[in-house]
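Engineer: Have a look at this one before I ask anything.
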Amino acid sequence: MERVCGICSNIHTLTLCQAMEGLTGQTPPPRAQYIRVIMAELERLHSHVLWAGIASKLMGFKTMFMTCFEIREKIMDVLAAISGNRVNYSMNRIGGVNRDIDDPAAILAMIEQLEGEMMKTVIPIFTTSSTARSRCAGIGVLTEEKAISCGVVGPTARASGLGQDLRRAAPYAAYAELDFEVPVEKAGDVRARLFVRALEIIESCKILRQALTKLPPGEINSGEEKFKFVTGTATSRVEAPRGEVMYSVSWKEGSRNPNRVHVRTPTFANMPAVRWMVMGARLADTPLIQASIDPCYSCTDR
Amino acid sequence: MTTLLDSLPQKLGTADQWTEKGGVHWLDPGELSVRDLCLEMIAAHARFITITAYQLPKDEGIRLEYHWDLAGQLLGFPFLLKAEPSEDPKIESIYDLTESVDWIEREIHEEYKVDFTGRVYEPLLMREGDKLGVNLREIADICKPEPGPSGQEEVKK
């Protein structure tokens, strides 16, 4: 399931493992729950910065594209320092995680350096630059009413005035113990989606700082290698960088494989709303409008 | 204090009560139609999430699970569709009530050949003119090697 998405691979294994923990009665230890949060927020950072780079390129702002990808490389260095991998991290397992964070202070120092770079480049340029404003303000509008009707999720929903975020509404892992804001914008245009993601980068850094500081001692998984699945269906939901991911896993006791795994990805929910966003738009704006939902085609296809 | 979740079964006119299982609050909709359920969910400001389809063994039909989010709580409503072997399973579409179901109704129509009545479908994009209801199970059957001299089994020998 790690390969459902090439960008947020961690989220898919996290959601799957949470569903399977429901079928096996496993509860990850507190340290594992914090490590799951750290991985999820690092993944959100690298996904949002990658999107910022692509959006910059589509705006005709190519130097910003290079800056974003340079920052993203550094975020991937942090992910590699924790997991040993740049894309498919293999961090989650049923009942916990596979790898520990041995030196949280070193990771925290890397995050603080990254945050400083982003606060000097990505955040001010996306929130105050006239280039970003002139290319993004007032285009690709999705009204709050349409956002509700289309059932959009994640930053796309939050940029249309909907304050939905599963980390807050239905906390999983260690999110209930962490303090953060859910940025919401009302305008519903491309600039609002830009704003929401820029503010989410700041919130992710805030969550990472707390999680790394409060990382509890103890085991990182239940230590079990073989699991006894009960017959039934378990469902899990997680707030991915693009919005809500949901897994339903059905299992028959004694079986080696699940009967059915149904995956609902955020782009599958967001993509149909693009037809409303592009109505009346100039043809030249449509690539940026389409990109503003941060579409993931592999997620859509599953 | 009575929550919205507690008052919903009465509003929906069903005698059943919520059962929490596998991370979902389940409610048997009983005689309630999928359209009436949808209208009640919209009135309660619930958010549609997805429909999960299950092909049941033998001739037991198709089970559709409609998932809604109500203030962070995941709700599930199962509908069992039975049909004669010569007919396609049918259920009313709710696309005109909430367009968020558009793609998932289309996907289930294409993969399980469920007819969501009252809506039109766009033609298959990548398999134009091909048959509907080709889900993973059927693909596995189609891909089984042919027995005999030209089949895979023979080649292995």
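Ordering of the structure tokens sets the chain letters (A, B, ...), residue numbers begin anew at 1 in every chain, and ligands are numbered from 1 in the order given.
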What residues in range 16-115 of chain B get the DSSP label helix (DSSP H, G or I)? Please answer as a list in words.
Structural biologist: Val34, Arg35, Asp36, Leu37, Cys38, Leu39, Glu40, Met41, Ile42, Ala43, Glu99, Ser100, Val101, Asp102, Trp103, Ile104, Glu105, Arg106, Glu107, Ile108, His109, Glu110, Glu111 and Tyr112 of chain B
Engineer: DSSP on the backbone: which residues in range 12-170 of chain A end up as strand (DSSP E or B)? Give the answer as a list of chain:residue names.
Structural biologist: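 Matching residues for strand (DSSP E or B) in range 12-170 of chain A are A:Asn92, A:Arg93, A:Gly96, A:Val97.
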Engineer: Name all residues at most 10 Å from range 127-134 of chain A (count only C-alpha atoms; drop same-chain ones fewer than 2 positions away) and give them as a PyMOL selection string.
Structural biologist: chain A and resi 55-56+59-61+122-125+136-139+190-192+194-196+198-199
Engineer: Limited to N, CA, C and O atoms, could you put the picked residues into a file as a PDB file, in the first residue's frame?
Structural biologist:
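Saved result, again37.pdb, follows:
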ATOM      1  N   ALA A  55       3.411  24.855  -8.255  1.00  0.00           N
ATOM      2  CA  ALA A  55       2.531  26.015  -8.426  1.00  0.00           C
ATOM      3  C   ALA A  55       3.352  27.224  -8.885  1.00  0.00           C
ATOM      4  O   ALA A  55       2.917  27.975  -9.755  1.00  0.00           O
ATOM      5  N   SER A  56       4.547  27.376  -8.330  1.00  0.00           N
ATOM      6  CA  SER A  56       5.411  28.501  -8.725  1.00  0.00           C
ATOM      7  C   SER A  56       5.754  28.415 -10.210  1.00  0.00           C
ATOM      8  O   SER A  56       5.722  29.413 -10.929  1.00  0.00           O
ATOM      9  N   MET A  59       2.980  29.443 -12.251  1.00  0.00           N
ATOM     10  CA  MET A  59       2.768  30.898 -12.180  1.00  0.00           C
ATOM     11  C   MET A  59       3.781  31.638 -13.039  1.00  0.00           C
ATOM     12  O   MET A  59       3.681  32.837 -13.209  1.00  0.00           O
ATOM     13  N   GLY A  60       4.802  30.930 -13.504  1.00  0.00           N
ATOM     14  CA  GLY A  60       5.876  31.563 -14.249  1.00  0.00           C
ATOM     15  C   GLY A  60       6.972  32.081 -13.343  1.00  0.00           C
ATOM     16  O   GLY A  60       7.690  33.017 -13.686  1.00  0.00           O
ATOM     17  N   PHE A  61       7.081  31.492 -12.168  1.00  0.00           N
ATOM     18  CA  PHE A  61       7.987  31.958 -11.129  1.00  0.00           C
ATOM     19  C   PHE A  61       9.048  30.869 -10.925  1.00  0.00           C
ATOM     20  O   PHE A  61       9.057  30.165  -9.921  1.00  0.00           O
ATOM     21  N   VAL A 122       9.497  30.710   1.214  1.00  0.00           N
ATOM     22  CA  VAL A 122       8.186  30.219   0.755  1.00  0.00           C
ATOM     23  C   VAL A 122       7.028  31.020   1.368  1.00  0.00           C
ATOM     24  O   VAL A 122       6.136  31.474   0.642  1.00  0.00           O
ATOM     25  N   ILE A 123       7.066  31.192   2.682  1.00  0.00           N
ATOM     26  CA  ILE A 123       5.913  31.815   3.357  1.00  0.00           C
ATOM     27  C   ILE A 123       5.707  33.269   2.918  1.00  0.00           C
ATOM     28  O   ILE A 123       4.621  33.618   2.436  1.00  0.00           O
ATOM     29  N   PRO A 124       6.742  34.156   3.015  1.00  0.00           N
ATOM     30  CA  PRO A 124       6.482  35.546   2.606  1.00  0.00           C
ATOM     31  C   PRO A 124       6.143  35.685   1.123  1.00  0.00           C
ATOM     32  O   PRO A 124       5.286  36.491   0.756  1.00  0.00           O
ATOM     33  N   ILE A 125       6.810  34.881   0.277  1.00  0.00           N
ATOM     34  CA  ILE A 125       6.544  35.028  -1.164  1.00  0.00           C
ATOM     35  C   ILE A 125       5.105  34.605  -1.478  1.00  0.00           C
ATOM     36  O   ILE A 125       4.394  35.274  -2.210  1.00  0.00           O
ATOM     37  N   CYS A 136      -2.964  34.464  -8.825  1.00  0.00           N
ATOM     38  CA  CYS A 136      -3.818  33.528  -8.074  1.00  0.00           C
ATOM     39  C   CYS A 136      -5.097  34.143  -7.507  1.00  0.00           C
ATOM     40  O   CYS A 136      -6.070  33.408  -7.280  1.00  0.00           O
ATOM     41  N   ALA A 137      -5.108  35.430  -7.274  1.00  0.00           N
ATOM     42  CA  ALA A 137      -6.284  36.018  -6.610  1.00  0.00           C
ATOM     43  C   ALA A 137      -7.479  36.042  -7.554  1.00  0.00           C
ATOM     44  O   ALA A 137      -7.353  36.433  -8.720  1.00  0.00           O
ATOM     45  N   GLY A 138      -8.601  35.583  -7.063  1.00  0.00           N
ATOM     46  CA  GLY A 138      -9.861  35.663  -7.812  1.00  0.00           C
ATOM     47  C   GLY A 138     -10.042  34.621  -8.894  1.00  0.00           C
ATOM     48  O   GLY A 138     -11.061  34.617  -9.581  1.00  0.00           O
ATOM     49  N   ILE A 139      -9.068  33.716  -9.065  1.00  0.00           N
ATOM     50  CA  ILE A 139      -9.257  32.676 -10.099  1.00  0.00           C
ATOM     51  C   ILE A 139      -9.536  31.314  -9.455  1.00  0.00           C
ATOM     52  O   ILE A 139      -9.146  31.055  -8.324  1.00  0.00           O
ATOM     53  N   VAL A 190      -7.569  30.338  -5.900  1.00  0.00           N
ATOM     54  CA  VAL A 190      -6.256  29.682  -5.881  1.00  0.00           C
ATOM     55  C   VAL A 190      -5.377  30.301  -4.788  1.00  0.00           C
ATOM     56  O   VAL A 190      -4.633  29.606  -4.107  1.00  0.00           O
ATOM     57  N   ARG A 191      -5.495  31.629  -4.609  1.00  0.00           N
ATOM     58  CA  ARG A 191      -4.671  32.300  -3.594  1.00  0.00           C
ATOM     59  C   ARG A 191      -5.010  31.786  -2.186  1.00  0.00           C
ATOM     60  O   ARG A 191      -4.118  31.632  -1.347  1.00  0.00           O
ATOM     61  N   ALA A 192      -6.294  31.524  -1.944  1.00  0.00           N
ATOM     62  CA  ALA A 192      -6.700  31.004  -0.631  1.00  0.00           C
ATOM     63  C   ALA A 192      -6.085  29.619  -0.402  1.00  0.00           C
ATOM     64  O   ALA A 192      -5.651  29.298   0.713  1.00  0.00           O
ATOM     65  N   LEU A 194      -3.317  28.598  -1.693  1.00  0.00           N
ATOM     66  CA  LEU A 194      -1.899  28.896  -1.471  1.00  0.00           C
ATOM     67  C   LEU A 194      -1.668  29.307  -0.007  1.00  0.00           C
ATOM     68  O   LEU A 194      -0.756  28.796   0.658  1.00  0.00           O
ATOM     69  N   PHE A 195      -2.517  30.181   0.474  1.00  0.00           N
ATOM     70  CA  PHE A 195      -2.450  30.688   1.846  1.00  0.00           C
ATOM     71  C   PHE A 195      -2.581  29.546   2.854  1.00  0.00           C
ATOM     72  O   PHE A 195      -1.802  29.441   3.793  1.00  0.00           O
ATOM     73  N   VAL A 196      -3.610  28.722   2.643  1.00  0.00           N
ATOM     74  CA  VAL A 196      -3.874  27.626   3.590  1.00  0.00           C
ATOM     75  C   VAL A 196      -2.660  26.710   3.687  1.00  0.00           C
ATOM     76  O   VAL A 196      -2.218  26.361   4.787  1.00  0.00           O
ATOM     77  N   ALA A 198       0.465  27.440   2.938  1.00  0.00           N
ATOM     78  CA  ALA A 198       1.588  28.170   3.556  1.00  0.00           C
ATOM     79  C   ALA A 198       1.421  28.183   5.077  1.00  0.00           C
ATOM     80  O   ALA A 198       2.374  27.923   5.818  1.00  0.00           O
ATOM     81  N   LEU A 199       0.195  28.437   5.542  1.00  0.00           N
ATOM     82  CA  LEU A 199      -0.047  28.459   6.991  1.00  0.00           C
ATOM     83  C   LEU A 199       0.075  27.057   7.594  1.00  0.00           C
ATOM     84  O   LEU A 199       0.506  26.896   8.737  1.00  0.00           O
TER      85      LEU A 199
END
Engineer: Need the shell around Trp276 in chain A: protein/DNA/RNA residues with any atom at most 10 Å away, counting only C-alpha atoms. Skip same-chain ones fewer than 2 positions apart. Format as a ChimeraX atom specification?
Structural biologist: /A:140-143,146-147,150,272-274,278-281
Engineer: Go ahead and dump the residues you just picked, C-alpha atoms, as a short mmCIF file (atom, residue, chain, number, x, y, z; two decimals), in the first residue's frame.
Structural biologist:
data_model
loop_
_atom_site.label_atom_id
_atom_site.label_comp_id
_atom_site.auth_asym_id
_atom_site.auth_seq_id
_atom_site.Cartn_x
_atom_site.Cartn_y
_atom_site.Cartn_z
CA GLY A 140 -10.52 29.10 -9.74
CA VAL A 141 -13.12 30.05 -7.15
CA LEU A 142 -14.95 27.23 -5.36
CA THR A 143 -17.66 28.71 -3.16
CA LYS A 146 -20.14 24.18 -3.86
CA ALA A 147 -17.36 22.88 -1.62
CA CYS A 150 -18.84 18.45 -3.96
CA PRO A 272 -14.67 16.52 -9.69
CA ALA A 273 -14.81 20.01 -8.15
CA VAL A 274 -12.29 21.32 -10.70
CA VAL A 278 -12.52 26.39 -14.21
CA MET A 279 -15.93 27.71 -15.30
CA GLY A 280 -15.41 31.13 -16.88
CA ALA A 281 -11.65 30.95 -16.35
#
Engineer: Residues of chain B within 6 Å of chain A, using only C-alpha atoms, as JSON, numbers by chain?
Structural biologist: {"B": [22, 23, 72, 98, 99, 100]}
Engineer: Could you dump the residues just selected with C-alpha atoms as a PDB file, in the first residue's frame?
Structural biologist:
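Output file selection_30.pdb is given in full below:
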ATOM      1  CA  GLY B  22     -14.447  -1.299  13.543  1.00  0.00           C
ATOM      2  CA  GLY B  23     -14.249   2.487  13.869  1.00  0.00           C
ATOM      3  CA  GLY B  72     -15.887  13.881  13.033  1.00  0.00           C
ATOM      4  CA  THR B  98     -25.240  15.551  -3.488  1.00  0.00           C
ATOM      5  CA  GLU B  99     -22.829  15.675  -6.384  1.00  0.00           C
ATOM      6  CA  SER B 100     -20.042  14.368  -4.141  1.00  0.00           C
TER       7      SER B 100
END
Engineer: How many Å lie between CA of Leu208 in chain A and CA of Glu41 in chain A, rounded to one decimal?
Structural biologist: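 So the answer is 6.7 Å.
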Engineer: Could you name the residues that touch Met1 in chain A at 9 Å or less, counting only C-alpha atoms, but leaving out those on the same chain fewer than 4 positions away, as a list in words?
Structural biologist: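 These residues fall inside the cut-off: Cys5, Ser9, His12, Thr13 and Leu16 of chain A.
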Engineer: What would the file look like if the residues just selected were written as a short mmCIF file (atom, residue, chain, number, x, y, z; two decimals), in the first residue's frame with all heavy atoms?
Structural biologist:
data_model
loop_
_atom_site.label_atom_id
_atom_site.label_comp_id
_atom_site.auth_asym_id
_atom_site.auth_seq_id
_atom_site.Cartn_x
_atom_site.Cartn_y
_atom_site.Cartn_z
N CYS A 5 0.60 5.96 -3.41
CA CYS A 5 0.97 7.34 -3.71
C CYS A 5 2.49 7.49 -3.67
O CYS A 5 3.14 6.92 -2.79
CB CYS A 5 0.34 8.29 -2.68
SG CYS A 5 0.76 10.01 -2.98
N SER A 9 3.43 8.38 0.76
CA SER A 9 3.44 6.92 0.95
C SER A 9 3.19 6.55 2.41
O SER A 9 2.54 5.54 2.70
CB SER A 9 4.78 6.35 0.49
OG SER A 9 5.83 6.99 1.19
N HIS A 12 -0.52 6.21 3.62
CA HIS A 12 -1.28 5.02 3.22
C HIS A 12 -0.98 3.83 4.14
O HIS A 12 -1.90 3.09 4.51
CB HIS A 12 -1.02 4.68 1.75
CG HIS A 12 -1.72 5.63 0.83
ND1 HIS A 12 -3.06 5.49 0.50
CD2 HIS A 12 -1.30 6.76 0.24
CE1 HIS A 12 -3.42 6.49 -0.28
NE2 HIS A 12 -2.38 7.28 -0.46
N THR A 13 0.28 3.66 4.51
CA THR A 13 0.58 2.55 5.43
C THR A 13 0.04 2.86 6.82
O THR A 13 -0.40 1.96 7.53
CB THR A 13 2.10 2.27 5.50
OG1 THR A 13 2.77 3.47 5.86
CG2 THR A 13 2.62 1.74 4.19
N LEU A 16 -3.71 2.10 6.70
CA LEU A 16 -3.90 0.65 6.62
C LEU A 16 -3.58 -0.02 7.96
O LEU A 16 -4.35 -0.86 8.44
CB LEU A 16 -3.02 0.07 5.51
CG LEU A 16 -3.10 -1.44 5.32
CD1 LEU A 16 -4.44 -1.86 4.74
CD2 LEU A 16 -1.99 -1.95 4.41
#
Engineer: Just want the 8 Å neighbourhood of Val114 in chain B, counted on only C-alpha atoms, with same-chain residues fewer than 5 positions away dropped. Output as a VMD selection string.
Structural biologist: chain B and resid 88 to 91 108 to 109 133
Engineer: Go ahead and save the residues from that selection, with C-alpha atoms, as an mmCIF file, in the first residue's frame.
Structural biologist:
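File out-v8.cif, as written:
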data_model
loop_
_atom_site.group_PDB
_atom_site.id
_atom_site.type_symbol
_atom_site.label_atom_id
_atom_site.label_comp_id
_atom_site.auth_asym_id
_atom_site.auth_seq_id
_atom_site.Cartn_x
_atom_site.Cartn_y
_atom_site.Cartn_z
ATOM 1 C CA ASP B 88 -28.241 -5.968 -12.676
ATOM 2 C CA PRO B 89 -28.534 -4.940 -9.023
ATOM 3 C CA LYS B 90 -30.258 -1.551 -8.721
ATOM 4 C CA ILE B 91 -30.418 1.293 -6.231
ATOM 5 C CA ILE B 108 -19.153 1.075 -8.605
ATOM 6 C CA HIS B 109 -21.294 1.056 -11.768
ATOM 7 C CA GLY B 133 -18.789 -5.157 -13.955
#
Engineer: Quick one, how far is CA of Met39 in chain A from CA of Arg197 in chain A?
Structural biologist: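 Value for the CA of Met39 in chain A-CA of Arg197 in chain A distance: 17.7 Å.
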Engineer: Which residues, written as a ChimeraX atom specification, have at least one atom at most 12 Å from range 114-118 of chain A, with only C-alpha atoms counted and residues fewer than 4 positions away on the same chain left out?
Structural biologist: /A:42,45-46,48-49,52,64,67-78,107-110,122-126,198-206,208-209
